Amino acid sequence: MTTDSRSNARTAWIFILPAVLIMAAACLYPVVSAVRLGFYDWSMGTPWAQAKWSGWTSFEIVFTDPAMWRSLLTTLKFAAVSVSAEMFLGIALALALEGNIRGMAFFRTLFILPMMVAPIAVGLTWRYLFDAQFGLINAVLAVFGVAAKGWLADETLAFAAIIISDIWQWTPFVFIMVIAGLANVDTSVLEAARIDGARWWTLTTRVKLPMIAHVLAITLVMRLIDAFRVLEVIYLLTFGGPGDSTEVLSLHIYKTAFIGQKLGAASAISVLLLVVVMVLTWLALRMSNPLADSEKDK
Amino acid sequence: MIAGVELINVTKRFGENTIVDSISLSAAAGEFIVLVGASGCGKSTILRMIAGLESVTKGQIMIKGRDVTQVRPDERDIAMVFQNYALYPHMSVAENMSFALTLTRTPKDEIKRRVGEAARILGIEQLLERKPKARSGGQRQRVAMGRAIVREPSVFLFDEPLSNLDAKLRAQMRVELALLHKRLGKTTVYVTHDQVEAMTLADRIVILDRGAIQQIGSPAEVFNRPRNVFVAGFIGSPVMNMLKGYLVAEDSVELPDTGARIKLSLPVRGATGKPVVLGIRPQGLILNEGPDAVLHMQVKVAEYLGTETVLNGTLANSDEAVTSSLNGEHGGLAGKQIGLSIDPAHVHVFDAGTGLNLIH
């Protein structure tokens, strides 16, 4: 490294240091605190000084707790089904609406509206929609002669309900990301593909989508992370029920911390959640990492 | 003989705007045709219509005698090289080159043979397994050409393929393109705004302005016998001097500001007094320090280019801009007033109203 580039690097560090420190404080502090809390037995409302060192006990309890494993499985199922459906629908919608067809601007705006609604409102709205007696969904089904269903009372239907609400709210996010990605695809590449003989399906699957693979990867990671952290809508819609059929990990953490008053255990599960999300993020980025892309081929 | 490409009264309109206005053009099989013109003259639109990327508002496009006006791009038996290369960034060089062949289910051995052959011709064998992204502009352009070659089309279309390259590489690629055409012998339609590319590559040049053909001819024809003021001003470097004057005899033009009378090598049509534009190539203005100098020039800037010096200035007693190109080094003339005589071979007379060449 020359003197010049060393001094350039130092200048760069001086400029990014404040941001790095703030990010470190904002991101790392809660994580470190959560890990630390996992090693203590502490109840809210009691002074931290009274917290007892419990070592690995919380982690042992958590890892041997079948409810936690059920909750993790529910979360994995929820994330897999909802994120797959959102990716599929978001991409399909974006492909359908990417052209400059008259009136498309209106539809594009309409499609992204659900994303802007606060999760609390989404939860409440869907709770009324799924209501067995007064819900709109059963009313619509009745028109087609389908008997009223206890959406939120049946384990399978309740699971379907939380997935439907998540798809409704977050498909627009995938849509907006994909449509932005598609807008940046070089049109001459698509023209070259047309000359090469690519019809719609080939053009889409072998040219367009691979060209926005980095956008898809980032979108997938963001949706996966969000799906693992989902809380408010499920809290309002089913509160994890019936039984614990829709109790996702965030809700399990919430219940462990604030109902069970076991903050150490809740922190231990949070650490587990963090690890799962990190592994998934790593896997998704390994498939198509936009940051490493330019380096790989040199 | 069946033409390689033929355009019959082709018109392209976008809404109210006519981009290409009823042009007819025929490229013989194996001919290298260059469409040249300023931005917005319609040259790229014509190429895109031949490729099938733009619809034709009116008229017909024939490739090897077959009407392809309504035929899909991939069924026209053409291959196109784009200005920005248009390579598939997620595919390796070999995959880029073989994509079209895989879509037509060409046998693997045949694909391998054709890709290998094209890579060898273009000297990119060592790049076949690499992605195009990190390659240089010249290498990417070679890959784009390779992609066109492997399809073994009847017609090659080039849309300003060298304009993203630096000057040195452009000159090198120009030579390679000429050699490639010689080797493959396929009909080629090449679009550029660079007259040097047009002059060096073309069998025939098509000069376009505002969607209409101004002249079609060999490089020598369009240089030596420009049909009108536009062609004369477009072809040739430095740009032809255009001086206002009027006919005083069928073989004499007078420049009103300077009072200079210029004798023409051939008589021209038109009545005495007719206003004309006198076109003189800068190479036709020769330094003459003697008393018989026809024009006098106040030199403002002298650009020494190695083998020649381009003098930029104005005519003495006039503010009409004039350029002279002299062999050798004449940097010392900057700021001086010099005498010039005129080589009649480099003189053209254009009708001031219609712009048409009155000599040729």
# chains A, B, ... in the order shown; residues from 1 in each chain; ligands from 1
$ closest_atom_pairs --of "chain A" --to "chain B" --cutoff "8 Å" --atoms "only C-alpha atoms" --output "CSV"
residue,atom,partner,partner_atom,distance
A:Asp186,CA,B:Ala86,CA,7.5
A:Ser188,CA,B:Ala86,CA,5.5
A:Val189,CA,B:Ala86,CA,4.4
A:Glu191,CA,B:Leu53,CA,7.0
A:Ala192,CA,B:Ala86,CA,6.5
A:Ala193,CA,B:Ala100,CA,7.8
A:Arg194,CA,B:Asp74,CA,6.5
A:Ile195,CA,B:Asp74,CA,4.5
A:Asp196,CA,B:Ala100,CA,4.4
A:Gly197,CA,B:Asp74,CA,4.7
A:Ala198,CA,B:Leu103,CA,7.0
A:Val207,CA,B:Tyr88,CA,7.1
A:Pro210,CA,B:His90,CA,6.6
A:Met211,CA,B:His90,CA,6.3
A:Ser294,CA,B:Ala134,CA,7.5
A:Asp297,CA,B:Ala134,CA,6.5
A:Lys298,CA,B:Ala134,CA,6.0
$ residues_around --residues "Thr219 of chain A" --least-positions-apart "5" --cutoff "9 Å" --atoms "only C-alpha atoms" --output "mmCIF file with N, CA and C atoms, in the first residue's frame"
data_model
loop_
_atom_site.group_PDB
_atom_site.id
_atom_site.type_symbol
_atom_site.label_atom_id
_atom_site.label_comp_id
_atom_site.auth_asym_id
_atom_site.auth_seq_id
_atom_site.Cartn_x
_atom_site.Cartn_y
_atom_site.Cartn_z
ATOM 1 N N MET A 87 -42.992 -14.196 -3.082
ATOM 2 C CA MET A 87 -42.008 -14.062 -4.163
ATOM 3 C C MET A 87 -42.659 -14.416 -5.500
ATOM 4 N N PHE A 173 -44.393 -5.544 -1.521
ATOM 5 C CA PHE A 173 -42.972 -5.234 -1.338
ATOM 6 C C PHE A 173 -42.136 -5.948 -2.402
ATOM 7 N N VAL A 174 -42.438 -7.228 -2.596
ATOM 8 C CA VAL A 174 -41.714 -7.997 -3.622
ATOM 9 C C VAL A 174 -41.983 -7.375 -4.995
ATOM 10 N N MET A 177 -40.017 -4.146 -5.532
ATOM 11 C CA MET A 177 -38.585 -4.409 -5.709
ATOM 12 C C MET A 177 -38.323 -4.989 -7.108
ATOM 13 N N VAL A 178 -39.158 -5.956 -7.498
ATOM 14 C CA VAL A 178 -38.936 -6.627 -8.784
ATOM 15 C C VAL A 178 -39.196 -5.668 -9.946
ATOM 16 N N HIS A 214 -29.749 -10.439 -8.274
ATOM 17 C CA HIS A 214 -29.298 -9.776 -7.046
ATOM 18 C C HIS A 214 -30.455 -9.069 -6.348
ATOM 19 N N LEU A 224 -37.447 -12.845 4.282
ATOM 20 C CA LEU A 224 -37.205 -13.932 5.245
ATOM 21 C C LEU A 224 -36.984 -13.367 6.644
#
$ select_by_dssp --residues "segment 27-153 of chain B" --states "helix (DSSP H, G or I)" --output "compact mmCIF listing (two decimals) with N, CA and C atoms, in the first residue's frame"
# COMPACT_ATOMS: atom_id res chain seq x y z
N LYS B 43 -31.17 6.61 -38.91
CA LYS B 43 -30.33 5.47 -39.33
C LYS B 43 -30.52 4.24 -38.43
N SER B 44 -30.57 4.48 -37.11
CA SER B 44 -30.76 3.34 -36.19
C SER B 44 -32.16 2.74 -36.34
N THR B 45 -33.13 3.60 -36.59
CA THR B 45 -34.50 3.12 -36.77
C THR B 45 -34.57 2.20 -37.99
N ILE B 46 -33.87 2.58 -39.06
CA ILE B 46 -33.86 1.75 -40.27
C ILE B 46 -33.27 0.37 -39.94
N LEU B 47 -32.14 0.40 -39.20
CA LEU B 47 -31.48 -0.86 -38.85
C LEU B 47 -32.41 -1.72 -37.98
N ARG B 48 -33.09 -1.06 -37.04
CA ARG B 48 -33.98 -1.79 -36.14
C ARG B 48 -35.19 -2.35 -36.89
N MET B 49 -35.61 -1.66 -37.94
CA MET B 49 -36.71 -2.19 -38.75
C MET B 49 -36.23 -3.42 -39.53
N ILE B 50 -34.99 -3.36 -40.01
CA ILE B 50 -34.45 -4.53 -40.73
C ILE B 50 -34.36 -5.71 -39.76
N ALA B 51 -33.98 -5.41 -38.51
CA ALA B 51 -33.84 -6.47 -37.50
C ALA B 51 -35.19 -7.01 -37.04
N PRO B 73 -38.04 -11.27 -35.34
CA PRO B 73 -36.59 -11.00 -35.50
C PRO B 73 -35.76 -12.27 -35.66
N ASP B 74 -36.06 -13.31 -34.88
CA ASP B 74 -35.22 -14.51 -34.92
C ASP B 74 -35.43 -15.34 -36.17
N GLU B 75 -36.49 -15.02 -36.92
CA GLU B 75 -36.75 -15.79 -38.13
C GLU B 75 -36.34 -15.03 -39.40
N VAL B 93 -18.96 -16.20 -21.55
CA VAL B 93 -18.77 -15.80 -22.95
C VAL B 93 -19.28 -16.90 -23.89
N ALA B 94 -18.93 -18.14 -23.57
CA ALA B 94 -19.37 -19.26 -24.42
C ALA B 94 -20.90 -19.36 -24.42
N GLU B 95 -21.51 -19.18 -23.26
CA GLU B 95 -22.99 -19.27 -23.18
C GLU B 95 -23.63 -18.11 -23.95
N ASN B 96 -23.02 -16.92 -23.86
CA ASN B 96 -23.51 -15.79 -24.63
C ASN B 96 -23.53 -16.12 -26.11
N MET B 97 -22.42 -16.70 -26.56
CA MET B 97 -22.28 -16.97 -27.99
C MET B 97 -23.20 -18.10 -28.44
N SER B 98 -23.47 -19.04 -27.55
CA SER B 98 -24.24 -20.22 -27.98
C SER B 98 -25.73 -20.13 -27.66
N PHE B 99 -26.16 -19.03 -27.02
CA PHE B 99 -27.55 -18.93 -26.56
C PHE B 99 -28.56 -19.17 -27.70
N ALA B 100 -28.34 -18.48 -28.81
CA ALA B 100 -29.29 -18.62 -29.93
C ALA B 100 -29.32 -20.06 -30.43
N LEU B 101 -28.16 -20.70 -30.47
CA LEU B 101 -28.09 -22.07 -30.99
C LEU B 101 -28.77 -23.05 -30.05
N THR B 102 -28.65 -22.81 -28.73
CA THR B 102 -29.32 -23.72 -27.78
C THR B 102 -30.83 -23.60 -27.93
N LEU B 103 -31.30 -22.39 -28.26
CA LEU B 103 -32.75 -22.20 -28.41
C LEU B 103 -33.29 -22.91 -29.65
N LYS B 108 -25.09 -30.36 -29.65
CA LYS B 108 -24.01 -29.81 -28.81
C LYS B 108 -22.67 -29.75 -29.54
N ASP B 109 -22.37 -30.80 -30.30
CA ASP B 109 -21.08 -30.83 -31.01
C ASP B 109 -20.97 -29.67 -31.99
N GLU B 110 -22.12 -29.42 -32.67
CA GLU B 110 -22.15 -28.34 -33.66
C GLU B 110 -21.98 -26.99 -32.97
N ILE B 111 -22.65 -26.82 -31.82
CA ILE B 111 -22.52 -25.56 -31.06
C ILE B 111 -21.06 -25.36 -30.67
N LYS B 112 -20.45 -26.43 -30.17
CA LYS B 112 -19.07 -26.34 -29.72
C LYS B 112 -18.15 -25.96 -30.89
N ARG B 113 -18.42 -26.57 -32.02
CA ARG B 113 -17.59 -26.30 -33.19
C ARG B 113 -17.71 -24.83 -33.61
N ARG B 114 -18.98 -24.36 -33.68
CA ARG B 114 -19.19 -23.00 -34.16
C ARG B 114 -18.62 -21.97 -33.18
N VAL B 115 -18.86 -22.19 -31.88
CA VAL B 115 -18.36 -21.24 -30.87
C VAL B 115 -16.83 -21.23 -30.90
N GLY B 116 -16.24 -22.42 -30.99
CA GLY B 116 -14.78 -22.52 -31.04
C GLY B 116 -14.22 -21.80 -32.26
N GLU B 117 -14.87 -21.97 -33.38
CA GLU B 117 -14.42 -21.35 -34.63
C GLU B 117 -14.50 -19.82 -34.54
N ALA B 118 -15.65 -19.34 -34.05
CA ALA B 118 -15.84 -17.89 -33.93
C ALA B 118 -14.83 -17.31 -32.93
N ALA B 119 -14.62 -18.03 -31.82
CA ALA B 119 -13.69 -17.54 -30.80
C ALA B 119 -12.28 -17.47 -31.37
N ARG B 120 -11.94 -18.44 -32.21
CA ARG B 120 -10.62 -18.47 -32.81
C ARG B 120 -10.44 -17.28 -33.77
N ILE B 121 -11.47 -17.05 -34.60
CA ILE B 121 -11.41 -15.93 -35.54
C ILE B 121 -11.22 -14.61 -34.79
N LEU B 122 -11.93 -14.48 -33.66
CA LEU B 122 -11.91 -13.21 -32.94
C LEU B 122 -10.84 -13.14 -31.86
N GLU B 125 -10.54 -17.06 -27.48
CA GLU B 125 -10.65 -18.44 -26.97
C GLU B 125 -10.41 -18.53 -25.47
N GLN B 126 -9.48 -17.71 -24.97
CA GLN B 126 -9.14 -17.79 -23.55
C GLN B 126 -10.24 -17.20 -22.65
N LEU B 127 -11.23 -16.54 -23.27
CA LEU B 127 -12.28 -15.89 -22.45
C LEU B 127 -13.54 -16.73 -22.35
N GLY B 137 -13.79 -3.18 -23.05
CA GLY B 137 -14.76 -2.84 -24.10
C GLY B 137 -14.48 -3.60 -25.39
N GLY B 138 -13.21 -3.66 -25.76
CA GLY B 138 -12.83 -4.33 -27.00
C GLY B 138 -13.16 -5.81 -26.95
N GLN B 139 -12.87 -6.44 -25.81
CA GLN B 139 -13.16 -7.88 -25.66
C GLN B 139 -14.66 -8.12 -25.69
N ARG B 140 -15.41 -7.24 -25.03
CA ARG B 140 -16.87 -7.42 -25.02
C ARG B 140 -17.45 -7.27 -26.42
N GLN B 141 -16.87 -6.31 -27.18
CA GLN B 141 -17.36 -6.13 -28.53
C GLN B 141 -17.04 -7.36 -29.38
N ARG B 142 -15.90 -7.97 -29.13
CA ARG B 142 -15.55 -9.20 -29.85
C ARG B 142 -16.54 -10.31 -29.50
N VAL B 143 -16.91 -10.39 -28.22
CA VAL B 143 -17.88 -11.41 -27.80
C VAL B 143 -19.21 -11.17 -28.53
N ALA B 144 -19.61 -9.90 -28.58
CA ALA B 144 -20.87 -9.57 -29.26
C ALA B 144 -20.81 -9.97 -30.74
N MET B 145 -19.64 -9.75 -31.34
CA MET B 145 -19.49 -10.15 -32.74
C MET B 145 -19.50 -11.67 -32.86
N GLY B 146 -18.87 -12.31 -31.88
CA GLY B 146 -18.85 -13.77 -31.86
C GLY B 146 -20.26 -14.33 -31.78
N ARG B 147 -21.08 -13.70 -30.95
CA ARG B 147 -22.46 -14.14 -30.81
C ARG B 147 -23.19 -14.03 -32.15
N ALA B 148 -22.86 -12.98 -32.91
CA ALA B 148 -23.50 -12.82 -34.22
C ALA B 148 -22.97 -13.86 -35.21
N ILE B 149 -21.66 -14.09 -35.17
CA ILE B 149 -21.03 -14.99 -36.16
C ILE B 149 -21.54 -16.42 -36.03
N VAL B 150 -21.67 -16.91 -34.77
CA VAL B 150 -22.04 -18.32 -34.59
C VAL B 150 -23.41 -18.65 -35.18
$ residues_around --residues "segment 32-49 of chain A" --least-positions-apart "2" --cutoff "7 Å" --atoms "only C-alpha atoms" --output "list in words"
Leu28, Tyr29, Pro30, Ala51, Lys52, Trp53, Ser54, Gly55, Trp56, Ser58, Gln261, Lys262, Leu263, Gly264, Ala265, Ser267, Ala268 and Val271 of chain A
$ residues_around --residues "Lys186 of chain B" --least-positions-apart "4" --cutoff "9 Å" --atoms "only C-alpha atoms" --output "list in words"
Gly4, Ala29, Gly30, Glu31, Phe32, Pro153, Ser154, Val155, Phe156, His181 and Lys182 of chain B
$ write_last_selection --atoms "C-alpha atoms" --output "PDB file, in the first residue's frame"
ATOM      1  CA  GLY B   4     -29.073  -9.293 -49.554  1.00  0.00           C
ATOM      2  CA  ALA B  29     -25.516  -9.989 -51.410  1.00  0.00           C
ATOM      3  CA  GLY B  30     -22.167  -9.696 -49.633  1.00  0.00           C
ATOM      4  CA  GLU B  31     -22.139  -5.920 -49.814  1.00  0.00           C
ATOM      5  CA  PHE B  32     -21.057  -3.738 -46.880  1.00  0.00           C
ATOM      6  CA  PRO B 153     -26.803 -15.406 -40.601  1.00  0.00           C
ATOM      7  CA  SER B 154     -27.354 -14.077 -44.115  1.00  0.00           C
ATOM      8  CA  VAL B 155     -27.165 -10.490 -42.908  1.00  0.00           C
ATOM      9  CA  PHE B 156     -25.100  -8.807 -40.209  1.00  0.00           C
ATOM     10  CA  HIS B 181     -16.325  -8.977 -43.604  1.00  0.00           C
ATOM     11  CA  LYS B 182     -13.843  -9.999 -46.252  1.00  0.00           C
TER      12      LYS B 182
END
$ residues_around --residues "segment 202-207 of chain B" --least-positions-apart "3" --cutoff "8 Å" --atoms "only C-alpha atoms" --output "PyMOL selection string"
chain B and resi 31-37+197-199+213-219+222+231
$ residues_around --residues "Val275 of chain A" --least-positions-apart "4" --cutoff "12 Å" --atoms "only C-alpha atoms" --output "list of chain:residue names"
A:Val31, A:Val35, A:Ile225, A:Phe228, A:Ala268, A:Ile269, A:Ser270, A:Val271, A:Val279, A:Leu280, A:Thr281, A:Trp282
$ select_by_dssp --residues "segment 1-238 of chain A" --states "strand (DSSP E)" --output "ChimeraX atom specification"
/A:40-41,52-53
$ write_last_selection --atoms "C-alpha atoms" --output "CSV table (one decimal), in the first residue's frame"
chain,number,residue,atom,x,y,z
A,40,TYR,CA,-29.1,-14.2,33.9
A,41,ASP,CA,-32.3,-15.0,35.7
A,52,LYS,CA,-28.9,-14.0,39.3
A,53,TRP,CA,-26.2,-15.4,37.1
$ residues_around --residues "Ala79 of chain A" --least-positions-apart "2" --cutoff "7 Å" --atoms "only C-alpha atoms" --output "PyMOL selection string"
chain A and resi 75-77+81-83+224+227-228
$ write_last_selection --atoms "N, CA and C atoms" --output "PDB file, in the first residue's frame"
ATOM      1  N   THR A  75     -42.685 -21.314  12.761  1.00  0.00           N
ATOM      2  CA  THR A  75     -42.076 -20.139  12.121  1.00  0.00           C
ATOM      3  C   THR A  75     -41.467 -20.514  10.772  1.00  0.00           C
ATOM      4  N   LEU A  76     -40.738 -21.633  10.745  1.00  0.00           N
ATOM      5  CA  LEU A  76     -40.120 -22.069   9.486  1.00  0.00           C
ATOM      6  C   LEU A  76     -41.178 -22.336   8.429  1.00  0.00           C
ATOM      7  N   LYS A  77     -42.258 -23.018   8.861  1.00  0.00           N
ATOM      8  CA  LYS A  77     -43.359 -23.310   7.926  1.00  0.00           C
ATOM      9  C   LYS A  77     -43.984 -22.012   7.421  1.00  0.00           C
ATOM     10  N   VAL A  81     -43.781 -20.893   3.509  1.00  0.00           N
ATOM     11  CA  VAL A  81     -44.994 -20.797   2.684  1.00  0.00           C
ATOM     12  C   VAL A  81     -45.264 -19.349   2.286  1.00  0.00           C
ATOM     13  N   SER A  82     -45.248 -18.438   3.270  1.00  0.00           N
ATOM     14  CA  SER A  82     -45.633 -17.063   2.943  1.00  0.00           C
ATOM     15  C   SER A  82     -44.600 -16.400   2.021  1.00  0.00           C
ATOM     16  N   VAL A  83     -43.311 -16.567   2.319  1.00  0.00           N
ATOM     17  CA  VAL A  83     -42.297 -15.894   1.496  1.00  0.00           C
ATOM     18  C   VAL A  83     -42.275 -16.488   0.075  1.00  0.00           C
ATOM     19  N   LEU A 224     -37.447 -12.845   4.282  1.00  0.00           N
ATOM     20  CA  LEU A 224     -37.205 -13.932   5.245  1.00  0.00           C
ATOM     21  C   LEU A 224     -36.984 -13.367   6.644  1.00  0.00           C
ATOM     22  N   ALA A 227     -40.219 -12.201   7.918  1.00  0.00           N
ATOM     23  CA  ALA A 227     -41.142 -13.300   8.225  1.00  0.00           C
ATOM     24  C   ALA A 227     -40.765 -13.969   9.555  1.00  0.00           C
ATOM     25  N   PHE A 228     -39.491 -13.992   9.848  1.00  0.00           N
ATOM     26  CA  PHE A 228     -39.062 -14.584  11.121  1.00  0.00           C
ATOM     27  C   PHE A 228     -39.345 -13.678  12.309  1.00  0.00           C
TER      28      PHE A 228
END
$ closest_residue --among "B:Cys41, B:Leu179, B:Ala316, B:Leu356" --to "Leu278 of chain B" --atoms "only C-alpha atoms"
B:Leu356
$ atom_distance --atom1 "atom CA of Gly339 of chain B" --atom2 "atom CA of Leu287 of chain B"
6.1 Å
$ closest_residue --among "A:Asp166, A:Ala25, A:Ile16, A:Asp131" --to "Glu232 of chain A" --atoms "only C-alpha atoms"
A:Asp166
